[in-house]
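Below is query.cif, which holds mmCIF, C-alpha atoms.
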data_start
loop_
_atom_site.label_atom_id
_atom_site.label_comp_id
_atom_site.auth_asym_id
_atom_site.auth_seq_id
_atom_site.Cartn_x
_atom_site.Cartn_y
_atom_site.Cartn_z
CA MET H 1 32.05 5.43 0.17
CA ALA H 2 29.26 3.90 -1.91
CA LEU H 3 27.18 7.06 -1.61
CA ALA H 4 30.15 9.23 -2.61
CA ALA H 5 30.63 7.13 -5.75
CA LEU H 6 26.92 7.44 -6.58
CA GLU H 7 27.02 11.21 -6.03
CA ALA H 8 29.91 11.40 -8.51
CA LYS H 9 27.80 9.48 -11.05
CA ILE H 10 24.90 11.87 -10.47
CA LYS H 11 27.13 14.87 -11.19
CA SER H 12 28.35 13.21 -14.38
CA GLY H 13 24.77 12.92 -15.60
CA SER H 14 24.63 9.11 -15.38
CA ASN H 15 21.39 7.31 -14.53
CA VAL H 16 21.94 6.21 -10.94
CA LEU H 17 18.37 5.31 -10.04
CA PRO H 18 18.86 1.53 -10.40
CA ASP H 19 22.07 1.72 -8.34
CA LEU H 20 20.42 3.78 -5.59
CA LEU H 21 17.45 1.43 -5.44
CA SER H 22 19.75 -1.58 -5.26
CA MET H 23 21.86 -0.02 -2.49
CA ALA H 24 18.76 0.95 -0.50
CA LYS H 25 17.50 -2.63 -0.63
CA ALA H 26 20.92 -3.95 0.37
CA ALA H 27 21.05 -1.53 3.30
CA GLU H 28 17.58 -2.69 4.39
CA ASN H 29 18.62 -6.33 4.28
CA ALA H 30 21.75 -5.47 6.29
CA GLU H 31 19.59 -3.45 8.74
CA ARG H 32 21.74 -0.37 8.06
CA TYR H 33 18.85 2.05 8.20
CA THR H 34 20.87 5.26 8.46
CA ASP H 35 22.63 4.29 5.23
CA MET H 36 19.27 3.34 3.73
CA CYS H 37 17.99 6.84 4.52
CA SER H 38 20.96 8.36 2.68
CA PHE H 39 20.38 6.22 -0.41
CA MET H 40 16.65 6.97 -0.47
CA LYS H 41 17.22 10.69 0.02
CA ALA H 42 19.56 10.66 -2.98
CA LEU H 43 17.04 8.60 -4.96
CA VAL H 44 14.30 11.13 -4.23
CA ALA H 45 16.50 13.98 -5.46
CA ALA H 46 17.42 12.12 -8.65
CA LYS H 47 13.84 11.00 -9.36
CA VAL H 48 12.33 14.46 -8.89
CA ALA H 49 15.13 16.07 -10.91
CA SER H 50 14.15 13.79 -13.79
CA GLY H 51 10.56 15.06 -13.58
CA GLY H 52 9.04 11.99 -11.96
CA ASP H 53 7.73 10.81 -8.63
CA LEU H 54 8.50 7.76 -6.53
CA THR H 55 6.95 4.41 -7.42
CA VAL H 56 4.92 2.55 -4.79
CA GLU H 57 7.96 0.38 -4.05
CA GLU H 58 10.21 3.42 -3.67
CA ARG H 59 7.69 5.17 -1.40
CA ASN H 60 7.57 2.13 0.83
CA LEU H 61 11.36 1.91 0.97
CA LEU H 62 11.54 5.58 1.96
CA SER H 63 9.04 4.93 4.74
CA VAL H 64 10.87 1.81 5.96
CA ALA H 65 14.22 3.61 6.04
CA TYR H 66 13.18 6.54 8.20
CA LYS H 67 10.67 4.57 10.29
CA ASN H 68 13.39 2.17 11.41
CA ALA H 69 16.02 4.88 11.84
CA VAL H 70 13.81 6.91 14.15
CA GLY H 71 12.02 3.91 15.66
CA ALA H 72 15.10 2.72 17.55
CA ARG H 73 15.55 6.18 19.06
CA ARG H 74 11.86 6.42 20.02
CA ALA H 75 12.16 3.11 21.85
CA SER H 76 15.30 4.35 23.62
CA TRP H 77 13.59 7.60 24.57
CA ARG H 78 10.60 5.80 26.10
CA THR H 79 12.93 3.55 28.09
CA LEU H 80 14.83 6.54 29.46
CA LEU H 81 11.56 8.09 30.64
CA LEU H 82 10.96 5.28 33.13
CA ASP H 83 10.72 6.26 36.81
CA GLU H 84 14.00 4.56 37.67
CA TYR H 85 15.89 7.08 35.54
CA LYS H 86 14.07 10.30 36.49
CA THR H 87 16.51 11.48 39.16
CA ASN H 88 19.71 10.49 37.37
CA THR H 89 21.56 13.54 35.98
CA MET H 90 23.80 11.38 33.82
CA ILE H 91 20.71 9.87 32.22
CA ASP H 92 19.41 13.39 31.58
CA GLU H 93 22.49 14.08 29.47
CA TYR H 94 22.05 10.78 27.67
CA LYS H 95 18.42 11.68 26.91
CA LYS H 96 19.67 14.87 25.25
CA LYS H 97 21.82 12.77 22.93
CA VAL H 98 18.92 10.50 22.00
CA SER H 99 16.53 13.42 21.46
CA SER H 100 19.13 15.20 19.31
CA GLU H 101 19.45 12.14 17.08
CA MET H 102 15.67 11.92 16.79
CA LYS H 103 15.35 15.59 15.88
CA THR H 104 18.03 15.25 13.21
CA ILE H 105 16.32 12.28 11.56
CA CYS H 106 12.82 13.80 11.76
CA SER H 107 14.00 17.15 10.41
CA GLU H 108 15.78 15.45 7.51
CA VAL H 109 12.78 13.42 6.37
CA LEU H 110 10.44 16.41 6.84
CA ASP H 111 12.70 18.44 4.55
CA VAL H 112 12.50 15.68 1.94
CA LEU H 113 8.73 15.56 2.23
CA GLU H 114 7.84 19.24 2.53
CA LYS H 115 10.48 20.77 0.26
CA VAL H 116 10.70 18.09 -2.42
CA LEU H 117 8.07 15.35 -2.59
CA VAL H 118 4.88 17.19 -1.65
CA PRO H 119 5.53 20.23 -3.91
CA ASN H 120 6.54 17.91 -6.75
CA VAL H 121 3.36 15.83 -6.50
CA GLU H 122 1.16 18.91 -6.14
CA LYS H 123 2.75 20.23 -9.32
CA LEU H 124 2.02 16.97 -11.14
CA ILE H 125 -1.59 17.03 -9.93
CA ALA H 126 -2.02 20.66 -10.96
CA GLY H 127 -0.65 19.81 -14.39
CA GLY H 128 -3.24 17.08 -14.75
CA THR H 129 -0.69 14.65 -16.14
CA GLU H 130 -1.50 11.79 -13.77
CA ASP H 131 -3.50 10.98 -10.67
CA LYS H 132 -1.09 11.38 -7.77
CA HIS H 133 -3.53 11.86 -4.91
CA GLU H 134 -2.57 8.50 -3.38
CA ALA H 135 1.07 9.58 -3.28
CA LEU H 136 0.15 12.98 -1.83
CA VAL H 137 -1.89 11.38 0.97
CA PHE H 138 1.03 9.03 1.66
CA TYR H 139 3.49 11.94 1.98
CA LEU H 140 1.14 14.02 4.14
CA LYS H 141 0.64 11.04 6.45
CA MET H 142 4.41 10.64 6.72
CA ALA H 143 4.84 14.34 7.50
CA GLY H 144 2.18 14.10 10.20
CA ASP H 145 3.92 11.07 11.67
CA TYR H 146 7.31 12.78 11.98
CA TYR H 147 5.85 15.96 13.46
CA ARG H 148 4.12 13.66 15.95
CA TYR H 149 7.42 12.02 16.82
CA LEU H 150 9.00 15.45 17.33
CA SER H 151 6.13 16.44 19.64
CA GLU H 152 6.97 13.45 21.83
CA ILE H 153 10.38 14.87 22.71
CA VAL H 154 10.13 18.64 22.17
CA LEU H 155 7.55 20.65 24.09
CA ALA H 156 6.25 24.15 23.34
CA GLU H 157 7.40 24.11 19.71
CA GLY H 158 3.97 23.58 18.18
CA TYR H 159 4.89 20.28 16.54
CA GLU H 160 1.64 18.70 17.68
CA LYS H 161 -0.36 21.30 15.76
CA LYS H 162 1.78 20.78 12.67
CA ALA H 163 1.12 17.06 12.94
CA GLU H 164 -2.62 17.70 13.22
CA SER H 165 -2.51 20.04 10.21
CA LYS H 166 -0.76 17.47 7.99
CA TYR H 167 -3.09 14.69 9.11
CA LEU H 168 -6.16 16.86 8.51
CA LYS H 169 -5.08 17.79 4.98
CA GLY H 170 -4.27 14.16 4.23
CA THR H 171 -7.63 13.01 5.62
CA GLU H 172 -9.57 15.49 3.47
CA LEU H 173 -7.80 14.24 0.35
CA ALA H 174 -8.08 10.57 1.34
CA GLU H 175 -11.83 10.79 1.93
CA LYS H 176 -12.23 12.44 -1.47
CA HIS H 177 -9.89 10.32 -3.59
CA LEU H 178 -9.29 6.95 -1.85
CA ILE H 179 -11.81 4.22 -1.06
CA ALA H 180 -12.59 3.53 2.60
CA THR H 181 -10.67 0.23 2.56
CA HIS H 182 -7.51 1.68 1.01
CA PRO H 183 -4.58 0.81 3.31
CA ILE H 184 -3.10 4.32 3.07
CA ARG H 185 -6.42 5.91 4.07
CA LEU H 186 -6.83 3.42 6.92
CA GLY H 187 -3.24 3.89 8.08
CA LEU H 188 -3.70 7.64 8.10
CA ALA H 189 -6.87 7.33 10.20
CA LEU H 190 -5.08 4.99 12.61
CA ASN H 191 -2.10 7.28 13.14
CA PHE H 192 -4.22 10.44 13.28
CA SER H 193 -6.39 8.87 15.98
CA VAL H 194 -3.23 7.91 17.92
CA CYS H 195 -2.10 11.54 17.63
CA TYR H 196 -5.41 12.73 19.06
CA TYR H 197 -5.21 10.26 21.93
CA GLU H 198 -1.54 10.39 22.91
CA ILE H 199 -0.36 13.83 21.80
CA LEU H 200 -3.37 16.14 21.65
CA LYS H 201 -4.98 14.46 24.69
CA ASP H 202 -8.36 14.33 22.97
CA PRO H 203 -9.73 10.80 23.55
CA LYS H 204 -13.18 11.63 22.17
CA ASN H 205 -11.85 12.68 18.78
CA ALA H 206 -9.47 9.73 18.82
CA CYS H 207 -12.30 7.26 19.37
CA ASP H 208 -14.63 8.99 16.93
CA MET H 209 -12.01 8.97 14.18
CA ALA H 210 -11.01 5.34 14.72
CA LYS H 211 -14.65 4.21 14.82
CA LYS H 212 -15.57 6.21 11.71
CA ALA H 213 -12.67 4.74 9.73
CA PHE H 214 -13.37 1.20 10.94
CA ASP H 215 -17.11 1.38 10.26
CA ALA H 216 -16.58 2.91 6.79
CA ALA H 217 -14.13 0.14 5.89
CA ILE H 218 -16.41 -2.63 7.22
CA SER H 219 -19.23 -1.36 5.03
CA LYS H 220 -16.99 -1.58 1.96
CA LEU H 221 -15.27 -4.91 2.62
CA ASP H 222 -16.58 -6.27 -0.67
CA SER H 223 -14.49 -3.65 -2.49
CA LEU H 224 -11.22 -5.04 -1.11
CA ASP H 225 -8.98 -6.49 -3.78
CA GLU H 226 -6.62 -9.36 -3.13
CA ALA H 227 -3.50 -7.16 -3.29
CA SER H 228 -4.52 -4.90 -0.40
CA TYR H 229 -6.65 -7.34 1.62
CA LYS H 230 -3.93 -8.31 4.10
CA ASP H 231 -2.72 -4.74 4.75
CA SER H 232 -6.21 -3.29 5.04
CA THR H 233 -7.59 -5.95 7.38
CA LEU H 234 -4.49 -5.71 9.59
CA ILE H 235 -4.96 -1.95 10.01
CA MET H 236 -8.66 -2.45 10.67
CA GLN H 237 -7.73 -4.86 13.44
CA LEU H 238 -5.36 -2.27 14.94
CA LEU H 239 -8.13 0.34 14.82
CA ARG H 240 -10.44 -2.03 16.66
CA ASP H 241 -7.73 -2.92 19.21
CA ASN H 242 -7.12 0.76 19.97
CA LEU H 243 -10.85 1.42 20.32
CA THR H 244 -11.11 -1.46 22.78
CA LEU H 245 -8.14 -0.12 24.73
CA TRP H 246 -9.34 3.47 24.77
CA THR H 247 -12.93 2.74 25.71
CA SER H 248 -12.10 0.32 28.50
CA ALA H 249 -12.09 1.98 31.92
CA GLU H 250 -9.69 -0.61 33.28
CA LYS H 251 -7.26 -0.24 30.40
CA ALA H 252 -7.48 3.55 30.49
CA GLU H 253 -5.87 3.58 33.92
CA ASN H 254 -2.78 1.97 32.40
CA ALA H 255 -2.78 3.78 29.06
CA GLU H 256 0.71 5.18 29.53
CA GLU H 257 2.10 1.73 30.27
CA GLU H 258 0.55 0.10 27.19
CA PRO H 259 1.27 2.10 24.02
CA THR H 260 -1.41 2.16 21.35
CA GLU H 261 -0.88 0.62 17.94
CA GLU H 262 0.04 2.64 14.88
CA ALA H 263 0.59 2.04 11.18
CA ALA H 264 3.92 1.97 9.40
#

Write-out of the structure in structure tokens:
Amino acid sequence: MALAALEAKIKSGSNVLPDLLSMAKAAENAERYTDMCSFMKALVAAKVASGGDLTVEERNLLSVAYKNAVGARRASWRTLLLDEYKTNTMIDEYKKKVSSEMKTICSEVLDVLEKVLVPNVEKLIAGGTEDKHEALVFYLKMAGDYYRYLSEIVLAEGYEKKAESKYLKGTELAEKHLIATHPIRLGLALNFSVCYYEILKDPKNACDMAKKAFDAAISKLDSLDEASYKDSTLIMQLLRDNLTLWTSAEKAENAEEEPTEEAA
């Protein structure tokens, strides 16, 4: 009902951005993440239509909305893959329901990213009006994440290669435009390395990427500002934890039972 009222205001030409932002925050506080996704999707459309891009706060809200919406289904999917459910035909049908919900959410956010946000930011960058490379890396990382999630449930569709492509493009831009300790650059390296390890089954590249990102950040610790210190050091710790896990022969035997860490 609230979204319908906001859509009516949009059609009337009213400025609904403050209302959408307020409703998204309320939905987050109420842990109504599907509703939060709807509000943020509408906010993206309104913001881009006005010729702008999302603020840092709005980007983070978009990420939180879809991460939580799909995160619950990912957890359900992993539970339903346990050995105790493998010969249960009723569970097989239930898995189809969960995977369908995941595909719907992932496809929706990928449409927002690939058809709206990324082209909009690339246009702003091409116009030279403002430096939007940080935002572009953020969106490419998100796109890589959701293609990675799709590859977890859908085989033979090439989603893993699409994830790799988005991560690669984001990494090239991050290494050129963001400092080594930037939390978005570090988060991208973390999730890309997880993709190499868990999805692409390439532990060497996973370890090399995680180590490269960690070492580069360590060498630039003095460049960390107070605002990003907590986020950056947390991601660095996750990179180190994954490296320890992946390079340990004992842990490697139980890799499937102990999921690796990833960034938001």

* Structure fact -> Nearest to Tyr229 in chain H, restricted to all atoms listed in the file and choosing among H:His182, H:Arg59, H:Arg32, H:Lys201, comes out as H:His182

* With a distance cut-off of 12 Å and all atoms listed in the file, select the neighbouring residues of range 234-236 of chain H, excluding the residue or stretch itself and same-chain residues fewer than 3 positions from it, and output the selection as an NGL selection string. => :H and (180-191 or 210-218 or 221 or 228-231 or 239-243 or 261-264)

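With all atoms listed in the file as the atoms that count, the residue of H:Ile199, H:Ala143, H:Ala135, H:Ala65 with the shortest distance to Ser107 in chain H is H:Ala143.
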
* Run the PyMOL selection byres ((chain H and resi 24) around 8) on the file and write out the hits as a ChimeraX atom specification. => /H:20-23,25-28,35-37,39-40,61

Mind dumping the selected residues with C-alpha atoms as a PDB file, in the coordinates of the input?
ATOM      1  CA  LEU H  20      20.420   3.780  -5.590  1.00  0.00           C
ATOM      2  CA  LEU H  21      17.450   1.430  -5.440  1.00  0.00           C
ATOM      3  CA  SER H  22      19.750  -1.580  -5.260  1.00  0.00           C
ATOM      4  CA  MET H  23      21.860  -0.020  -2.490  1.00  0.00           C
ATOM      5  CA  LYS H  25      17.500  -2.630  -0.630  1.00  0.00           C
ATOM      6  CA  ALA H  26      20.920  -3.950   0.370  1.00  0.00           C
ATOM      7  CA  ALA H  27      21.050  -1.530   3.300  1.00  0.00           C
ATOM      8  CA  GLU H  28      17.580  -2.690   4.390  1.00  0.00           C
ATOM      9  CA  ASP H  35      22.630   4.290   5.230  1.00  0.00           C
ATOM     10  CA  MET H  36      19.270   3.340   3.730  1.00  0.00           C
ATOM     11  CA  CYS H  37      17.990   6.840   4.520  1.00  0.00           C
ATOM     12  CA  PHE H  39      20.380   6.220  -0.410  1.00  0.00           C
ATOM     13  CA  MET H  40      16.650   6.970  -0.470  1.00  0.00           C
ATOM     14  CA  LEU H  61      11.360   1.910   0.970  1.00  0.00           C
TER      15      LEU H  61
END

* What residues come out when you apply the PyMOL selection byres ((chain H and resi 77) around 10) to this file, written as a ChimeraX atom specification? -> /H:71-76,78-82,94-99,102,152-153

* Excluding range 113-120 of chain H and residues on its chain fewer than 2 positions from it, collect all residues at most 7 Å away from it, counting all atoms listed in the file, and give them as a ChimeraX atom specification. => /H:109-111,122-124,136,139,143

* Residue nearest Val121 in chain H - candidates H:Glu84, H:Glu157, H:Asp53, H:Glu175, atoms counted: all atoms listed in the file ->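 Nearest to Val121 in chain H: H:Asp53.
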
* Asked: Quick one: distance from CA of Thr171 in chain H to CA of Met142 in chain H in Å, one decimal?
  ->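 Distance reported for this atom pair: 12.3 Å.
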
* Residues matched by the PyMOL selection byres ((chain H and resi 50) around 12) as a list in words ->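 This file gives the following for the PyMOL selection byres ((chain H and resi 50) around 12): Ile10, Gly13, Ser14, Asn15, Val16, Leu17, Leu43, Val44, Ala45, Ala46, Lys47, Val48, Ala49, Gly51, Gly52, Asp53, Leu54 and Asn120 of chain H.
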
Would you mind completing range 178-203 of chain H so that it carries N, CA, C and O atoms, and writing it out as a tab-separated table (two decimals), keeping the file's coordinate frame?
chain	number	residue	atom	x	y	z
H	178	LEU	N	-9.62	8.35	-2.13
H	178	LEU	CA	-9.29	6.95	-1.85
H	178	LEU	C	-10.50	6.24	-1.25
H	178	LEU	O	-11.22	6.81	-0.43
H	179	ILE	N	-10.69	4.98	-1.61
H	179	ILE	CA	-11.81	4.22	-1.06
H	179	ILE	C	-11.59	3.95	0.43
H	179	ILE	O	-10.44	3.98	0.92
H	180	ALA	N	-12.66	3.67	1.14
H	180	ALA	CA	-12.59	3.53	2.60
H	180	ALA	C	-11.69	2.38	3.05
H	180	ALA	O	-11.17	2.40	4.17
H	181	THR	N	-11.50	1.38	2.20
H	181	THR	CA	-10.67	0.23	2.56
H	181	THR	C	-9.22	0.38	2.09
H	181	THR	O	-8.42	-0.55	2.28
H	182	HIS	N	-8.88	1.49	1.49
H	182	HIS	CA	-7.51	1.68	1.01
H	182	HIS	C	-6.56	1.68	2.20
H	182	HIS	O	-6.77	2.40	3.18
H	183	PRO	N	-5.48	0.89	2.15
H	183	PRO	CA	-4.58	0.81	3.31
H	183	PRO	C	-3.93	2.14	3.69
H	183	PRO	O	-3.67	2.37	4.88
H	184	ILE	N	-3.69	3.02	2.73
H	184	ILE	CA	-3.10	4.32	3.07
H	184	ILE	C	-4.11	5.18	3.82
H	184	ILE	O	-3.79	5.83	4.82
H	185	ARG	N	-5.36	5.16	3.37
H	185	ARG	CA	-6.42	5.91	4.07
H	185	ARG	C	-6.63	5.36	5.47
H	185	ARG	O	-6.76	6.13	6.44
H	186	LEU	N	-6.65	4.04	5.60
H	186	LEU	CA	-6.83	3.42	6.92
H	186	LEU	C	-5.64	3.70	7.84
H	186	LEU	O	-5.81	3.99	9.02
H	187	GLY	N	-4.43	3.61	7.29
H	187	GLY	CA	-3.24	3.89	8.08
H	187	GLY	C	-3.18	5.32	8.56
H	187	GLY	O	-2.76	5.60	9.70
H	188	LEU	N	-3.63	6.23	7.72
H	188	LEU	CA	-3.70	7.64	8.10
H	188	LEU	C	-4.69	7.83	9.25
H	188	LEU	O	-4.39	8.52	10.24
H	189	ALA	N	-5.87	7.22	9.14
H	189	ALA	CA	-6.87	7.33	10.20
H	189	ALA	C	-6.34	6.75	11.51
H	189	ALA	O	-6.56	7.31	12.59
H	190	LEU	N	-5.65	5.62	11.41
H	190	LEU	CA	-5.08	4.99	12.61
H	190	LEU	C	-4.08	5.91	13.29
H	190	LEU	O	-4.17	6.17	14.51
H	191	ASN	N	-3.14	6.45	12.54
H	191	ASN	CA	-2.10	7.28	13.14
H	191	ASN	C	-2.63	8.64	13.60
H	191	ASN	O	-2.18	9.18	14.62
H	192	PHE	N	-3.60	9.18	12.88
H	192	PHE	CA	-4.22	10.44	13.28
H	192	PHE	C	-4.96	10.24	14.60
H	192	PHE	O	-4.89	11.08	15.51
H	193	SER	N	-5.66	9.13	14.73
H	193	SER	CA	-6.39	8.87	15.98
H	193	SER	C	-5.41	8.69	17.15
H	193	SER	O	-5.68	9.14	18.27
H	194	VAL	N	-4.27	8.06	16.89
H	194	VAL	CA	-3.23	7.91	17.92
H	194	VAL	C	-2.71	9.29	18.32
H	194	VAL	O	-2.47	9.56	19.51
H	195	CYS	N	-2.55	10.17	17.34
H	195	CYS	CA	-2.10	11.54	17.63
H	195	CYS	C	-3.10	12.26	18.53
H	195	CYS	O	-2.72	12.93	19.49
H	196	TYR	N	-4.38	12.11	18.22
H	196	TYR	CA	-5.41	12.73	19.06
H	196	TYR	C	-5.35	12.19	20.49
H	196	TYR	O	-5.45	12.94	21.46
H	197	TYR	N	-5.17	10.89	20.61
H	197	TYR	CA	-5.21	10.26	21.93
H	197	TYR	C	-3.95	10.54	22.75
H	197	TYR	O	-4.03	10.97	23.91
H	198	GLU	N	-2.80	10.32	22.15
H	198	GLU	CA	-1.54	10.39	22.91
H	198	GLU	C	-0.92	11.77	22.96
H	198	GLU	O	-0.30	12.14	23.96
H	199	ILE	N	-1.05	12.54	21.89
H	199	ILE	CA	-0.36	13.83	21.80
H	199	ILE	C	-1.28	14.99	22.11
H	199	ILE	O	-0.96	15.87	22.92
H	200	LEU	N	-2.44	15.03	21.47
H	200	LEU	CA	-3.37	16.14	21.65
H	200	LEU	C	-4.29	15.95	22.86
H	200	LEU	O	-5.05	16.84	23.20
H	201	LYS	N	-4.20	14.77	23.48
H	201	LYS	CA	-4.98	14.46	24.69
H	201	LYS	C	-6.48	14.70	24.47
H	201	LYS	O	-7.16	15.33	25.27
H	202	ASP	N	-6.96	14.18	23.35
H	202	ASP	CA	-8.36	14.33	22.97
H	202	ASP	C	-8.94	12.94	22.69
H	202	ASP	O	-9.11	12.54	21.53
H	203	PRO	N	-9.25	12.17	23.75
H	203	PRO	CA	-9.73	10.80	23.55
H	203	PRO	C	-11.04	10.69	22.78
H	203	PRO	O	-11.25	9.71	22.06
